[in-house]
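Peer 1: Here you go, entry_36.cif (mmCIF, C-alpha atoms):
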```cif
data_upload
#
loop_
_atom_site.label_atom_id
_atom_site.label_comp_id
_atom_site.auth_asym_id
_atom_site.auth_seq_id
_atom_site.Cartn_x
_atom_site.Cartn_y
_atom_site.Cartn_z
CA MET A 25 62.01 19.03 -53.47
CA LYS A 26 59.23 20.98 -51.79
CA ARG A 27 55.77 19.49 -51.36
CA VAL A 28 52.49 20.42 -49.70
CA PHE A 29 50.10 18.22 -47.74
CA THR A 30 46.54 18.94 -46.55
CA SER A 31 44.49 17.46 -43.70
CA GLU A 32 41.02 18.29 -42.40
CA SER A 33 39.10 18.11 -39.15
CA VAL A 34 35.41 18.55 -38.32
CA THR A 35 33.59 19.74 -35.21
CA SER A 36 31.42 17.60 -32.94
CA GLY A 37 28.28 18.98 -34.61
CA HIS A 38 29.17 17.65 -38.05
CA PRO A 39 26.53 15.04 -39.04
CA ASP A 40 29.03 12.20 -39.41
CA LYS A 41 30.63 13.04 -36.07
CA ILE A 42 27.24 13.10 -34.35
CA CYS A 43 26.83 9.50 -35.50
CA ASP A 44 30.29 8.52 -34.26
CA GLN A 45 29.49 10.00 -30.83
CA VAL A 46 26.11 8.25 -30.66
CA SER A 47 27.71 4.91 -31.55
CA ASP A 48 30.47 5.29 -28.96
CA ALA A 49 28.03 6.54 -26.31
CA VAL A 50 26.04 3.33 -26.73
CA LEU A 51 29.27 1.31 -26.52
CA ASP A 52 30.34 3.11 -23.33
CA ALA A 53 26.94 2.57 -21.74
CA CYS A 54 27.24 -1.18 -22.38
CA LEU A 55 30.81 -1.38 -21.08
CA THR A 56 29.90 0.55 -17.93
CA GLN A 57 27.60 -2.28 -16.86
CA ASP A 58 29.23 -5.19 -18.66
CA PRO A 59 32.92 -4.90 -19.64
CA ASN A 60 32.60 -8.03 -21.79
CA SER A 61 29.89 -6.55 -23.99
CA ARG A 62 30.15 -7.31 -27.70
CA VAL A 63 29.08 -4.20 -29.55
CA ALA A 64 28.89 -3.24 -33.22
CA CYS A 65 26.68 -0.17 -33.24
CA GLU A 66 26.17 2.30 -36.07
CA ALA A 67 23.99 5.35 -36.53
CA ALA A 68 22.53 7.28 -39.44
CA ILE A 69 21.13 10.78 -39.15
CA ASN A 70 19.13 13.23 -41.23
CA THR A 71 16.72 16.08 -40.66
CA GLY A 72 14.56 15.09 -37.70
CA LEU A 73 15.65 11.44 -37.73
CA VAL A 74 18.25 9.24 -36.02
CA VAL A 75 18.51 5.52 -36.78
CA VAL A 76 20.62 3.32 -34.48
CA MET A 77 21.37 -0.18 -35.71
CA GLY A 78 23.76 -3.05 -35.21
CA GLU A 79 24.55 -6.17 -33.24
CA ILE A 80 24.96 -6.06 -29.46
CA SER A 81 25.38 -8.95 -27.01
CA THR A 82 25.51 -7.65 -23.44
CA LYS A 83 24.19 -8.13 -19.93
CA ALA A 84 23.75 -4.36 -19.69
CA ASP A 85 20.30 -2.82 -19.59
CA ILE A 86 20.56 0.47 -21.48
CA ASP A 87 18.15 3.08 -22.81
CA VAL A 88 19.39 3.58 -26.37
CA GLU A 89 16.90 6.33 -27.20
CA GLY A 90 17.81 8.22 -24.03
CA ILE A 91 21.52 7.91 -24.85
CA VAL A 92 20.90 9.27 -28.35
CA ARG A 93 18.96 12.29 -27.13
CA LYS A 94 21.48 13.15 -24.39
CA THR A 95 24.41 12.87 -26.80
CA ILE A 96 22.75 15.18 -29.32
CA SER A 97 21.84 17.66 -26.59
CA ASP A 98 25.38 17.69 -25.19
CA ILE A 99 26.74 18.46 -28.65
CA GLY A 100 24.55 21.55 -28.78
CA TYR A 101 21.43 20.63 -30.73
CA LYS A 102 19.10 21.43 -27.84
CA ASP A 103 16.41 23.40 -29.65
CA ASP A 104 15.11 23.74 -33.17
CA CYS A 105 17.14 26.83 -34.11
CA ASP A 106 19.43 24.62 -36.19
CA GLY A 107 16.58 22.68 -37.80
CA PHE A 108 17.35 19.70 -35.57
CA ALA A 109 16.67 19.19 -31.86
CA SER A 110 17.47 16.45 -29.37
CA GLY A 111 13.98 16.44 -27.88
CA GLN A 112 12.07 16.56 -31.15
CA CYS A 113 13.89 14.22 -33.53
CA LYS A 114 12.53 10.75 -34.18
CA VAL A 115 14.76 7.91 -32.94
CA ILE A 116 14.51 4.44 -34.48
CA VAL A 117 16.42 1.58 -32.84
CA SER A 118 17.11 -1.68 -34.69
CA ILE A 119 19.55 -3.83 -32.72
CA LYS A 120 19.98 -7.60 -32.58
CA GLU A 121 22.50 -9.94 -30.92
CA GLN A 122 25.91 -10.69 -32.36
CA SER A 123 26.02 -13.49 -34.92
CA PRO A 124 26.94 -16.83 -33.30
CA ASP A 125 29.27 -17.48 -36.25
CA ILE A 126 31.32 -14.42 -35.28
CA ALA A 127 31.13 -15.26 -31.58
CA LEU A 128 32.55 -18.72 -32.33
CA GLY A 129 35.84 -17.18 -33.48
CA VAL A 130 35.99 -14.42 -30.92
CA ASP A 131 35.23 -16.50 -27.82
CA GLU A 132 38.40 -18.49 -28.43
CA ASP A 133 41.08 -18.94 -31.07
CA TYR A 134 39.42 -21.48 -33.35
CA HIS A 135 42.79 -23.10 -34.07
CA SER A 136 44.54 -23.09 -30.68
CA GLY A 137 41.55 -22.87 -28.33
CA LYS A 138 43.69 -20.85 -25.89
CA GLU A 139 42.85 -17.20 -26.44
CA ILE A 140 40.11 -15.11 -27.97
CA GLY A 141 40.48 -14.81 -31.70
CA ALA A 142 40.23 -11.73 -33.87
CA GLY A 143 36.66 -10.57 -34.44
CA ASP A 144 37.22 -10.20 -38.17
CA GLN A 145 39.84 -10.37 -40.87
CA GLY A 146 41.45 -7.19 -42.12
CA MET A 147 44.51 -4.97 -42.06
CA MET A 148 45.11 -2.01 -39.76
CA PHE A 149 47.69 0.75 -39.84
CA GLY A 150 49.41 2.82 -37.19
CA TYR A 151 51.70 5.78 -37.73
CA ALA A 152 53.96 8.20 -35.89
CA CYS A 153 56.47 10.86 -36.93
CA ASN A 154 58.65 13.43 -35.19
CA GLU A 155 56.96 16.52 -36.68
CA THR A 156 55.15 17.42 -33.45
CA GLU A 157 55.49 16.70 -29.74
CA GLN A 158 52.52 14.33 -30.04
CA LEU A 159 54.48 12.44 -32.71
CA MET A 160 51.70 13.16 -35.19
CA PRO A 161 51.70 14.81 -38.63
CA LEU A 162 51.53 18.59 -38.34
CA PRO A 163 48.60 19.18 -40.79
CA ILE A 164 46.10 17.07 -38.84
CA VAL A 165 47.28 18.49 -35.49
CA LEU A 166 46.70 22.06 -36.70
CA ALA A 167 43.32 21.19 -38.23
CA HIS A 168 42.18 19.61 -34.95
CA ASN A 169 43.43 22.65 -33.03
CA ILE A 170 41.12 24.87 -35.08
CA THR A 171 37.98 22.75 -34.74
CA GLN A 172 38.53 22.22 -31.02
CA GLU A 173 38.87 25.97 -30.53
CA LEU A 174 35.72 26.56 -32.56
CA GLU A 175 33.83 24.25 -30.21
CA LYS A 176 35.36 25.85 -27.13
CA LEU A 177 34.38 29.39 -28.17
CA ARG A 178 30.87 28.22 -29.06
CA LYS A 179 30.24 26.39 -25.82
CA ASN A 180 31.74 28.99 -23.48
CA GLY A 181 29.70 31.74 -25.15
CA THR A 182 32.63 33.81 -26.44
CA LEU A 183 31.18 33.65 -29.96
CA GLN A 184 27.46 33.23 -29.39
CA TYR A 185 26.60 33.23 -33.08
CA LEU A 186 28.46 29.97 -33.71
CA ARG A 187 26.46 26.81 -34.33
CA PRO A 188 27.62 23.19 -33.86
CA ASP A 189 28.62 22.25 -37.43
CA GLY A 190 32.02 23.18 -38.81
CA LYS A 191 35.16 22.14 -40.65
CA ALA A 192 38.80 23.15 -40.90
CA GLN A 193 41.51 22.32 -43.40
CA VAL A 194 45.23 23.08 -43.18
CA THR A 195 47.87 22.79 -45.91
CA VAL A 196 51.48 22.54 -44.75
CA GLU A 197 54.49 23.06 -47.01
CA TYR A 198 57.42 20.72 -46.47
CA GLY A 199 60.98 21.65 -47.36
CA PHE A 200 63.79 19.79 -49.06
CA ASP A 201 64.59 17.96 -45.80
CA ASP A 202 60.92 16.85 -45.61
CA LYS A 203 60.36 18.98 -42.51
CA PRO A 204 57.40 21.37 -42.15
CA GLN A 205 58.38 24.86 -43.25
CA ARG A 206 55.21 26.93 -43.31
CA VAL A 207 51.43 26.84 -43.55
CA ASP A 208 50.41 27.40 -47.15
CA ALA A 209 46.61 27.49 -46.75
CA ILE A 210 43.91 27.50 -44.08
CA VAL A 211 40.22 26.85 -44.70
CA ILE A 212 37.55 27.33 -42.02
CA SER A 213 33.85 26.78 -42.59
CA THR A 214 31.69 27.30 -39.53
CA GLN A 215 27.95 27.23 -39.12
CA HIS A 216 26.51 30.46 -37.71
CA ASP A 217 23.22 32.18 -36.97
CA GLU A 218 21.51 34.44 -39.48
CA LEU A 219 22.31 37.71 -37.76
CA VAL A 220 26.10 37.81 -37.81
CA GLU A 221 27.80 39.77 -40.60
CA VAL A 222 30.25 37.72 -42.61
CA GLU A 223 33.03 40.28 -42.18
CA ASP A 224 32.60 40.19 -38.40
CA LEU A 225 32.73 36.41 -38.47
CA ARG A 226 35.85 36.40 -40.63
CA ASN A 227 37.58 38.90 -38.37
CA ASP A 228 36.74 36.81 -35.30
CA MET A 229 38.04 33.67 -36.97
CA MET A 230 41.33 35.37 -37.80
CA GLN A 231 41.84 36.97 -34.40
CA LYS A 232 40.43 34.30 -32.09
CA ILE A 233 41.06 31.11 -34.04
CA VAL A 234 43.81 31.34 -36.65
CA LYS A 235 46.21 33.48 -34.61
CA LYS A 236 45.74 31.26 -31.57
CA CYS A 237 45.81 27.85 -33.24
CA ILE A 238 48.52 28.30 -35.87
CA PRO A 239 52.05 29.22 -34.68
CA SER A 240 52.95 32.66 -36.04
CA LYS A 241 56.29 31.38 -37.32
CA LEU A 242 54.42 29.15 -39.77
CA ILE A 243 52.33 31.97 -41.30
CA ASP A 244 53.73 34.42 -43.83
CA GLU A 245 52.45 36.90 -46.41
CA GLU A 246 51.80 34.13 -48.90
CA THR A 247 49.65 32.02 -46.56
CA LYS A 248 46.13 31.81 -48.00
CA VAL A 249 43.20 31.97 -45.59
CA PHE A 250 39.64 31.11 -46.64
CA ILE A 251 36.91 31.65 -44.03
CA ASN A 252 33.35 30.63 -44.95
CA PRO A 253 34.28 31.01 -48.62
CA THR A 254 30.65 31.14 -49.83
CA GLY A 255 29.85 33.85 -47.29
CA ARG A 256 26.98 31.96 -45.65
CA PHE A 257 26.67 28.76 -43.60
CA VAL A 258 23.38 28.98 -41.69
CA ILE A 259 21.85 25.63 -42.62
CA GLY A 260 24.10 22.91 -41.27
CA GLY A 261 24.22 19.81 -39.12
CA PRO A 262 21.62 17.10 -39.84
CA ASN A 263 19.36 19.75 -41.34
CA GLY A 264 21.90 20.39 -44.07
CA ASP A 265 23.33 16.94 -44.68
CA SER A 266 22.94 13.32 -43.64
CA GLY A 267 25.49 11.58 -41.45
CA LEU A 268 26.82 8.05 -40.92
CA THR A 269 29.05 6.36 -38.36
CA GLY A 270 32.54 5.75 -39.70
CA ARG A 271 32.52 8.23 -42.55
CA LYS A 272 35.39 10.33 -41.15
CA ILE A 273 38.07 7.66 -40.79
CA ILE A 274 40.84 9.92 -42.15
CA VAL A 275 39.88 12.70 -39.73
CA ASP A 276 39.97 10.07 -36.97
CA THR A 277 43.51 8.91 -37.76
CA TYR A 278 46.42 10.71 -39.45
CA GLY A 279 44.77 13.12 -41.84
CA GLY A 280 45.74 11.03 -44.86
CA MET A 281 49.47 11.10 -44.12
CA ALA A 282 49.48 7.33 -43.50
CA LYS A 283 47.60 4.44 -45.08
CA HIS A 284 44.25 3.26 -43.71
CA GLY A 285 42.91 -0.27 -43.68
CA GLY A 286 39.35 0.93 -44.28
CA GLY A 287 37.76 -0.14 -41.02
CA ALA A 288 36.04 2.48 -38.89
CA PHE A 289 36.40 2.65 -35.10
CA SER A 290 33.32 4.12 -33.45
CA GLY A 291 30.68 1.79 -32.03
CA LYS A 292 32.96 -1.26 -31.98
CA ASP A 293 34.13 -3.02 -28.84
CA SER A 294 37.76 -4.06 -28.47
CA THR A 295 37.34 -7.61 -29.81
CA LYS A 296 36.96 -5.93 -33.20
CA VAL A 297 40.53 -5.63 -34.45
CA ASP A 298 39.46 -2.79 -36.76
CA ARG A 299 39.66 -0.74 -33.60
CA SER A 300 41.94 -2.49 -31.11
CA ALA A 301 44.66 -3.45 -33.60
CA ALA A 302 44.67 0.07 -35.07
CA TYR A 303 45.26 1.36 -31.56
CA ALA A 304 48.01 -1.22 -31.06
CA ALA A 305 49.65 -0.24 -34.35
CA ARG A 306 49.72 3.42 -33.24
CA TYR A 307 51.14 2.31 -29.87
CA ILE A 308 53.95 0.44 -31.62
CA ALA A 309 54.71 3.20 -34.14
CA LYS A 310 54.77 5.90 -31.46
CA ASN A 311 57.17 3.91 -29.30
CA ILE A 312 59.42 3.21 -32.29
CA VAL A 313 59.68 6.94 -33.09
CA ALA A 314 59.94 7.95 -29.41
CA ALA A 315 62.87 5.52 -29.09
CA GLN A 316 64.44 7.26 -32.10
CA PHE A 317 64.54 4.07 -34.15
CA ALA A 318 63.17 6.21 -37.00
CA LYS A 319 61.90 9.72 -37.76
CA LYS A 320 58.65 8.30 -39.07
CA CYS A 321 57.15 4.84 -38.90
CA GLU A 322 54.09 3.11 -40.33
CA ILE A 323 52.99 -0.26 -38.97
CA GLN A 324 50.60 -2.62 -40.74
CA LEU A 325 48.97 -5.49 -38.85
CA ALA A 326 46.74 -8.10 -40.48
CA TYR A 327 44.43 -10.65 -38.87
CA ALA A 328 42.23 -13.61 -39.78
CA ILE A 329 38.86 -14.04 -38.09
CA GLY A 330 39.03 -16.45 -35.18
CA VAL A 331 42.86 -16.49 -35.12
CA SER A 332 44.65 -14.72 -32.27
CA GLU A 333 48.12 -14.10 -33.73
CA PRO A 334 48.42 -11.54 -36.53
CA VAL A 335 49.02 -13.14 -39.92
CA SER A 336 51.50 -10.40 -40.83
CA ILE A 337 53.42 -7.42 -39.44
CA ASN A 338 54.88 -4.89 -41.86
CA VAL A 339 57.12 -1.95 -40.96
CA ASN A 340 57.84 1.06 -43.15
CA THR A 341 60.20 3.75 -41.85
CA TYR A 342 60.41 5.54 -45.21
CA GLY A 343 64.19 5.25 -45.25
CA THR A 344 64.57 6.98 -41.87
CA GLY A 345 65.17 3.88 -39.76
CA GLN A 346 68.39 3.21 -37.84
CA LEU A 347 67.90 -0.46 -38.62
CA PRO A 348 66.42 -2.22 -41.68
CA ASP A 349 62.61 -2.37 -41.55
CA GLU A 350 62.59 -6.18 -41.41
CA GLU A 351 64.85 -6.12 -38.34
CA ILE A 352 62.55 -3.62 -36.65
CA ALA A 353 59.64 -5.97 -37.40
CA ASP A 354 61.50 -8.80 -35.63
CA ILE A 355 62.12 -6.55 -32.62
CA ILE A 356 58.43 -5.62 -32.52
CA ASN A 357 57.58 -9.32 -32.41
CA SER A 358 59.86 -9.70 -29.40
CA VAL A 359 58.60 -6.65 -27.47
CA PHE A 360 54.87 -6.53 -28.23
CA ASN A 361 52.27 -9.27 -27.81
CA LEU A 362 49.73 -8.59 -30.55
CA THR A 363 47.01 -11.12 -29.87
CA PRO A 364 43.61 -9.44 -29.35
CA GLU A 365 43.54 -10.63 -25.73
CA SER A 366 46.95 -9.11 -25.00
CA ILE A 367 46.13 -5.85 -26.79
CA ILE A 368 42.91 -5.53 -24.80
CA ALA A 369 44.73 -6.13 -21.50
CA THR A 370 47.78 -3.95 -22.26
CA LEU A 371 45.73 -0.98 -23.46
CA GLU A 372 42.88 -1.49 -20.97
CA LEU A 373 40.25 -1.50 -23.69
CA ARG A 374 37.27 -2.91 -21.80
CA ARG A 375 36.64 0.43 -20.11
CA PRO A 376 34.03 3.03 -21.18
CA ILE A 377 36.52 5.49 -22.69
CA TYR A 378 35.32 5.62 -26.26
CA GLN A 379 32.97 8.56 -26.57
CA GLN A 380 36.00 10.77 -25.85
CA THR A 381 37.67 9.40 -28.98
CA ALA A 382 34.76 10.17 -31.30
CA CYS A 383 35.80 13.79 -32.00
CA TYR A 384 39.13 15.45 -32.76
CA GLY A 385 41.06 12.29 -33.46
CA HIS A 386 41.83 9.02 -31.75
CA PHE A 387 45.57 9.73 -31.70
CA GLY A 388 47.90 12.46 -30.48
CA ARG A 389 45.40 14.18 -28.23
CA LYS A 390 46.63 16.70 -25.68
CA ASP A 391 43.35 16.98 -23.78
CA VAL A 392 43.27 13.29 -22.84
CA LEU A 393 45.99 10.62 -22.72
CA PHE A 394 44.64 7.38 -24.12
CA PRO A 395 46.51 4.17 -23.20
CA TRP A 396 47.71 3.60 -26.76
CA GLU A 397 49.54 6.95 -26.58
CA LYS A 398 51.93 5.71 -23.87
CA THR A 399 55.65 5.47 -24.69
CA ASP A 400 56.41 2.93 -21.99
CA LYS A 401 58.26 0.54 -24.31
CA VAL A 402 61.05 2.96 -25.24
CA LYS A 403 63.65 1.61 -22.79
CA MET A 404 62.96 -1.96 -23.79
CA LEU A 405 63.19 -1.12 -27.48
CA CYS A 406 66.48 0.75 -27.03
CA LYS A 407 68.08 -2.42 -25.70
CA TYR A 408 67.82 -3.82 -29.21
CA LEU A 409 69.75 -0.97 -30.84
CA PRO A 410 73.38 -1.87 -31.63
CA PRO A 411 75.91 0.25 -29.64
CA GLN A 412 77.04 2.12 -32.76
CA VAL A 413 73.54 3.55 -33.27
CA GLN A 414 72.51 3.79 -29.61
CA VAL A 415 70.64 7.04 -28.94
CA VAL A 416 71.54 8.87 -25.75
#
```
Could you quickly redo this structure as structure tokens?
Peer 2:
Amino acid sequence: MKRVFTSESVTSGHPDKICDQVSDAVLDACLTQDPNSRVACEAAINTGLVVVMGEISTKADIDVEGIVRKTISDIGYKDDCDGFASGQCKVIVSIKEQSPDIALGVDEDYHSGKEIGAGDQGMMFGYACNETEQLMPLPIVLAHNITQELEKLRKNGTLQYLRPDGKAQVTVEYGFDDKPQRVDAIVISTQHDELVEVEDLRNDMMQKIVKKCIPSKLIDEETKVFINPTGRFVIGGPNGDSGLTGRKIIVDTYGGMAKHGGGAFSGKDSTKVDRSAAYAARYIAKNIVAAQFAKKCEIQLAYAIGVSEPVSINVNTYGTGQLPDEEIADIINSVFNLTPESIIATLELRRPIYQQTACYGHFGRKDVLFPWEKTDKVKMLCKYLPPQVQVV
């Protein structure tokens, strides 16, 4: 049975993504001076206004307003031509220290007293599949390819009429074997200046974006392409819409192909399992697929606040596993240490690496190899495969 699946991506100038980048820039600034910083930082943005709020406990001395303005400028909102400018917007900062009730559980496992405990309860998901070399779903990979190319052509001046805000959406058709067969639809909406003609813009998008970012073998005569469908996208960014940290969690992960626990990533330090355990779950799932235990794998981890060991580990290989899912879960328990302290150490999460994650996905990136994208557990995992299913 054929099916179609759609994923979207947004550019760095999208209002929600501005907020993610601001939150992670603040986090990185804290970690640069104090790797043990406890940070939960969020931002909200609108025309002429940025509000930064949250709970931060750190020895670092940082200039939050300066970080905000630099981040916005680096994105491309340097003057008022987009109705929003880094040097003119009002910045309000409302930050207090982390609650001592939370710190009590994070500083050590409340029950064992041996390790740091999880910073909150919750469930996190990780996913991998063999559709692409990054072991990511094809729709979200293609959508990210488009938005990254939009930003590249804007910043290098190839298409000078482009403005920072933009979105892309790709629909992939899957065949009877559940493998990608073709691209059924492409949607691109990009902010632009007032002078460009819509037909020129659409031609540029086809020639310089679509043909470069989508493999020609996946496009046919029936592929539908919609470029700035309304014909005009001049007012955009914070001048056209408000933004919030954590409002693009599906863009950040697997494009909707896998489940999501609901917790956002940006602005949170690694003691928050919303972030660190989601990275660990991706790390596990990617190694499972890379070891050819399964063609696709979804991992769910769940934690209780103040408790270091996960309260549950669930594996779903969608019927593609070489072993039963419950056996794979037992193997994962043997190979991976999933306490917050171990995750932080294994994935080196106390470093200022997070602003890089805030656009174009936290997983499967080609432009930067994050520690949770390593496949260094493949050999160890393969030792657990019975000889009759051993992959050579």
Peer 1: Distance cut-off 10 Å, centre (27.0, 28.5, -36.6) in file coordinates, counting all atoms listed in the file: which residues qualify? Return them as a list in words.
Peer 2: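 The residues that fall inside the cut-off are Gly37, Asp106, Leu174, Arg178, Leu183, Gln184, Tyr185, Leu186, Arg187, Pro188, Asp189, Gly190, Ser213, Thr214, Gln215, His216, Asp217, Glu218, Val220, Leu225, Arg256, Phe257, Val258, Ile259, Gly260 and Gly261 of chain A.
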Peer 1: Could you state the separation of atom CA of A:Tyr101 and atom CA of A:Pro163 in Å, given to one decimal place?
Peer 2: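 Value for the atom CA of A:Tyr101-atom CA of A:Pro163 distance: 29.0 Å.
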Peer 1: Choose the residue, out of A:Lys203, A:Lys319, A:Lys401, A:Arg389, that has the smallest atom-to-atom separation from A:Val359; count all atoms listed in the file.
Peer 2: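 So, comparing all the options, the nearest one is A:Lys401.
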Peer 1: Quick one: residues within 8 Å of A:Val74, only C-alpha atoms, excluding same-chain residues fewer than 5 positions away - as an mmCIF file with C-alpha atoms, keeping the file's coordinate frame?
Peer 2:
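What ended up in selection-v6.cif:
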```cif
data_model
loop_
_atom_site.group_PDB
_atom_site.id
_atom_site.type_symbol
_atom_site.label_atom_id
_atom_site.label_comp_id
_atom_site.auth_asym_id
_atom_site.auth_seq_id
_atom_site.Cartn_x
_atom_site.Cartn_y
_atom_site.Cartn_z
ATOM 1 C CA ALA A 67 23.990 5.350 -36.530
ATOM 2 C CA ALA A 68 22.530 7.280 -39.440
ATOM 3 C CA ILE A 69 21.130 10.780 -39.150
ATOM 4 C CA CYS A 113 13.890 14.220 -33.530
ATOM 5 C CA LYS A 114 12.530 10.750 -34.180
ATOM 6 C CA VAL A 115 14.760 7.910 -32.940
ATOM 7 C CA ILE A 116 14.510 4.440 -34.480
#
```
Peer 1: Which residue, A:Pro161, A:Gly111, A:Gly287, A:Gly150, has the smallest gap to A:Cys321 when you use only C-alpha atoms?
Peer 2: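 Nearest to A:Cys321: A:Gly150.
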Peer 1: Name the residues that the PyMOL selection byres ((chain A and resi 64-66) around 7) picks from the file above, as a ChimeraX atom specification, using the file's chain letters and numbers.
Peer 2: /A:47,62-63,67,76-80,269,291-293
Peer 1: Grab the atom CA of A:His38 to atom CA of A:Ala302 distance for me, in Å with one decimal place.
Peer 2: 23.6 Å
Peer 1: Once you count all atoms listed in the file, which residues end up no further than 8 Å from (28.7, 34.8, -44.9) in the file's frame, shown as a list in words?
Peer 2: Glu221, Val222, Glu223, Leu225, Asn252, Pro253, Thr254, Gly255, Arg256 and Phe257 of chain A
Peer 1: Could you tell me which residues the PyMOL selection byres ((chain A and resi 49) around 9) grabs in this file, written as a list in words?
Peer 2: Asp44, Gln45, Val46, Ser47, Asp48, Val50, Leu51, Asp52, Ala53, Cys54, Ile91, Val92, Thr95, Gly291, Pro376, Tyr378 and Gln379 of chain A
Peer 1: Can you tell me, as a list in words, what residues are no more than 9 Å from A:Leu405 when counting all atoms listed in the file, ignoring any on the same chain fewer than 5 positions away?
Peer 2: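 Final neighbour list, sorted by chain and number: Asn311, Ile312, Ala315, Phe317, Ile355, Ile356 and Val359 of chain A.
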Peer 1: Which of these, A:Ile96, A:Leu55, A:Ile251, A:Ile212, has the shortest distance to A:Thr82 once you count all atoms listed in the file?
Peer 2: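 Checking each candidate against A:Thr82, we get A:Leu55 as the closest.
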Peer 1: Atom CA of A:Ile329 to atom CA of A:Ala288: how many Å, to one decimal?
Peer 2: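 Separating atom CA of A:Ile329 from atom CA of A:Ala288 is a distance of 16.8 Å.
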Peer 1: What does the PyMOL selection byres ((chain A and resi 294) around 12) select in this file, as a PDB file with C-alpha atoms, in the coordinates of the input?
Peer 2:
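Now in selection.pdb:
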```pdb
ATOM      1  CA  ASP A  48      30.470   5.290 -28.960  1.00  0.00           C
ATOM      2  CA  LEU A  51      29.270   1.310 -26.520  1.00  0.00           C
ATOM      3  CA  ASP A  52      30.340   3.110 -23.330  1.00  0.00           C
ATOM      4  CA  LEU A  55      30.810  -1.380 -21.080  1.00  0.00           C
ATOM      5  CA  PRO A  59      32.920  -4.900 -19.640  1.00  0.00           C
ATOM      6  CA  ASN A  60      32.600  -8.030 -21.790  1.00  0.00           C
ATOM      7  CA  SER A  61      29.890  -6.550 -23.990  1.00  0.00           C
ATOM      8  CA  ARG A  62      30.150  -7.310 -27.700  1.00  0.00           C
ATOM      9  CA  VAL A  63      29.080  -4.200 -29.550  1.00  0.00           C
ATOM     10  CA  ALA A  64      28.890  -3.240 -33.220  1.00  0.00           C
ATOM     11  CA  VAL A 130      35.990 -14.420 -30.920  1.00  0.00           C
ATOM     12  CA  ILE A 140      40.110 -15.110 -27.970  1.00  0.00           C
ATOM     13  CA  GLY A 141      40.480 -14.810 -31.700  1.00  0.00           C
ATOM     14  CA  ALA A 142      40.230 -11.730 -33.870  1.00  0.00           C
ATOM     15  CA  GLY A 143      36.660 -10.570 -34.440  1.00  0.00           C
ATOM     16  CA  ASP A 144      37.220 -10.200 -38.170  1.00  0.00           C
ATOM     17  CA  PHE A 289      36.400   2.650 -35.100  1.00  0.00           C
ATOM     18  CA  SER A 290      33.320   4.120 -33.450  1.00  0.00           C
ATOM     19  CA  GLY A 291      30.680   1.790 -32.030  1.00  0.00           C
ATOM     20  CA  LYS A 292      32.960  -1.260 -31.980  1.00  0.00           C
ATOM     21  CA  ASP A 293      34.130  -3.020 -28.840  1.00  0.00           C
ATOM     22  CA  THR A 295      37.340  -7.610 -29.810  1.00  0.00           C
ATOM     23  CA  LYS A 296      36.960  -5.930 -33.200  1.00  0.00           C
ATOM     24  CA  VAL A 297      40.530  -5.630 -34.450  1.00  0.00           C
ATOM     25  CA  ASP A 298      39.460  -2.790 -36.760  1.00  0.00           C
ATOM     26  CA  ARG A 299      39.660  -0.740 -33.600  1.00  0.00           C
ATOM     27  CA  SER A 300      41.940  -2.490 -31.110  1.00  0.00           C
ATOM     28  CA  ALA A 301      44.660  -3.450 -33.600  1.00  0.00           C
ATOM     29  CA  ALA A 302      44.670   0.070 -35.070  1.00  0.00           C
ATOM     30  CA  TYR A 303      45.260   1.360 -31.560  1.00  0.00           C
ATOM     31  CA  ALA A 304      48.010  -1.220 -31.060  1.00  0.00           C
ATOM     32  CA  THR A 363      47.010 -11.120 -29.870  1.00  0.00           C
ATOM     33  CA  PRO A 364      43.610  -9.440 -29.350  1.00  0.00           C
ATOM     34  CA  GLU A 365      43.540 -10.630 -25.730  1.00  0.00           C
ATOM     35  CA  SER A 366      46.950  -9.110 -25.000  1.00  0.00           C
ATOM     36  CA  ILE A 367      46.130  -5.850 -26.790  1.00  0.00           C
ATOM     37  CA  ILE A 368      42.910  -5.530 -24.800  1.00  0.00           C
ATOM     38  CA  ALA A 369      44.730  -6.130 -21.500  1.00  0.00           C
ATOM     39  CA  THR A 370      47.780  -3.950 -22.260  1.00  0.00           C
ATOM     40  CA  LEU A 371      45.730  -0.980 -23.460  1.00  0.00           C
ATOM     41  CA  GLU A 372      42.880  -1.490 -20.970  1.00  0.00           C
ATOM     42  CA  LEU A 373      40.250  -1.500 -23.690  1.00  0.00           C
ATOM     43  CA  ARG A 374      37.270  -2.910 -21.800  1.00  0.00           C
ATOM     44  CA  ARG A 375      36.640   0.430 -20.110  1.00  0.00           C
ATOM     45  CA  PRO A 376      34.030   3.030 -21.180  1.00  0.00           C
ATOM     46  CA  ILE A 377      36.520   5.490 -22.690  1.00  0.00           C
ATOM     47  CA  TYR A 378      35.320   5.620 -26.260  1.00  0.00           C
TER      48      TYR A 378
END
```
Peer 1: Show me, as a VMD selection string, the residues that have an atom within 8 Å of A:Val275 when counting all atoms listed in the file, minus same-chain residues fewer than 6 positions from it.
Peer 2: chain A and resid 31 to 34 164 384 to 385
Peer 1: Considering all atoms listed in the file, state which residue in the set A:Asp104, A:Glu245, A:Asp98, A:Asp276 is at the smallest distance from A:Phe387.
Peer 2: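 Going through A:Asp104, A:Glu245, A:Asp98, A:Asp276 one by one, the smallest distance to A:Phe387 is for A:Asp276.
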Peer 1: Looking at all atoms listed in the file, which of A:Leu242, A:Leu219, A:Ile233, A:Val331 is the one that sits closest to A:Val207?
Peer 2: A:Leu242
Peer 1: Using only C-alpha atoms, which of A:Ala305, A:Ala282, A:Ile99, A:Val313 sits nearest A:Ile337?
Peer 2: A:Ala305
Peer 1: Residues near A:Asp391, anyone? I mean within 12 Å using only C-alpha atoms, not counting same-chain ones fewer than 2 positions away, as a list in words.
Peer 2: Gln158, His168, Asn169, Gln172, Gln380, Thr381, Cys383, Tyr384, Gly385, His386, Phe387, Gly388, Arg389, Leu393 and Phe394 of chain A
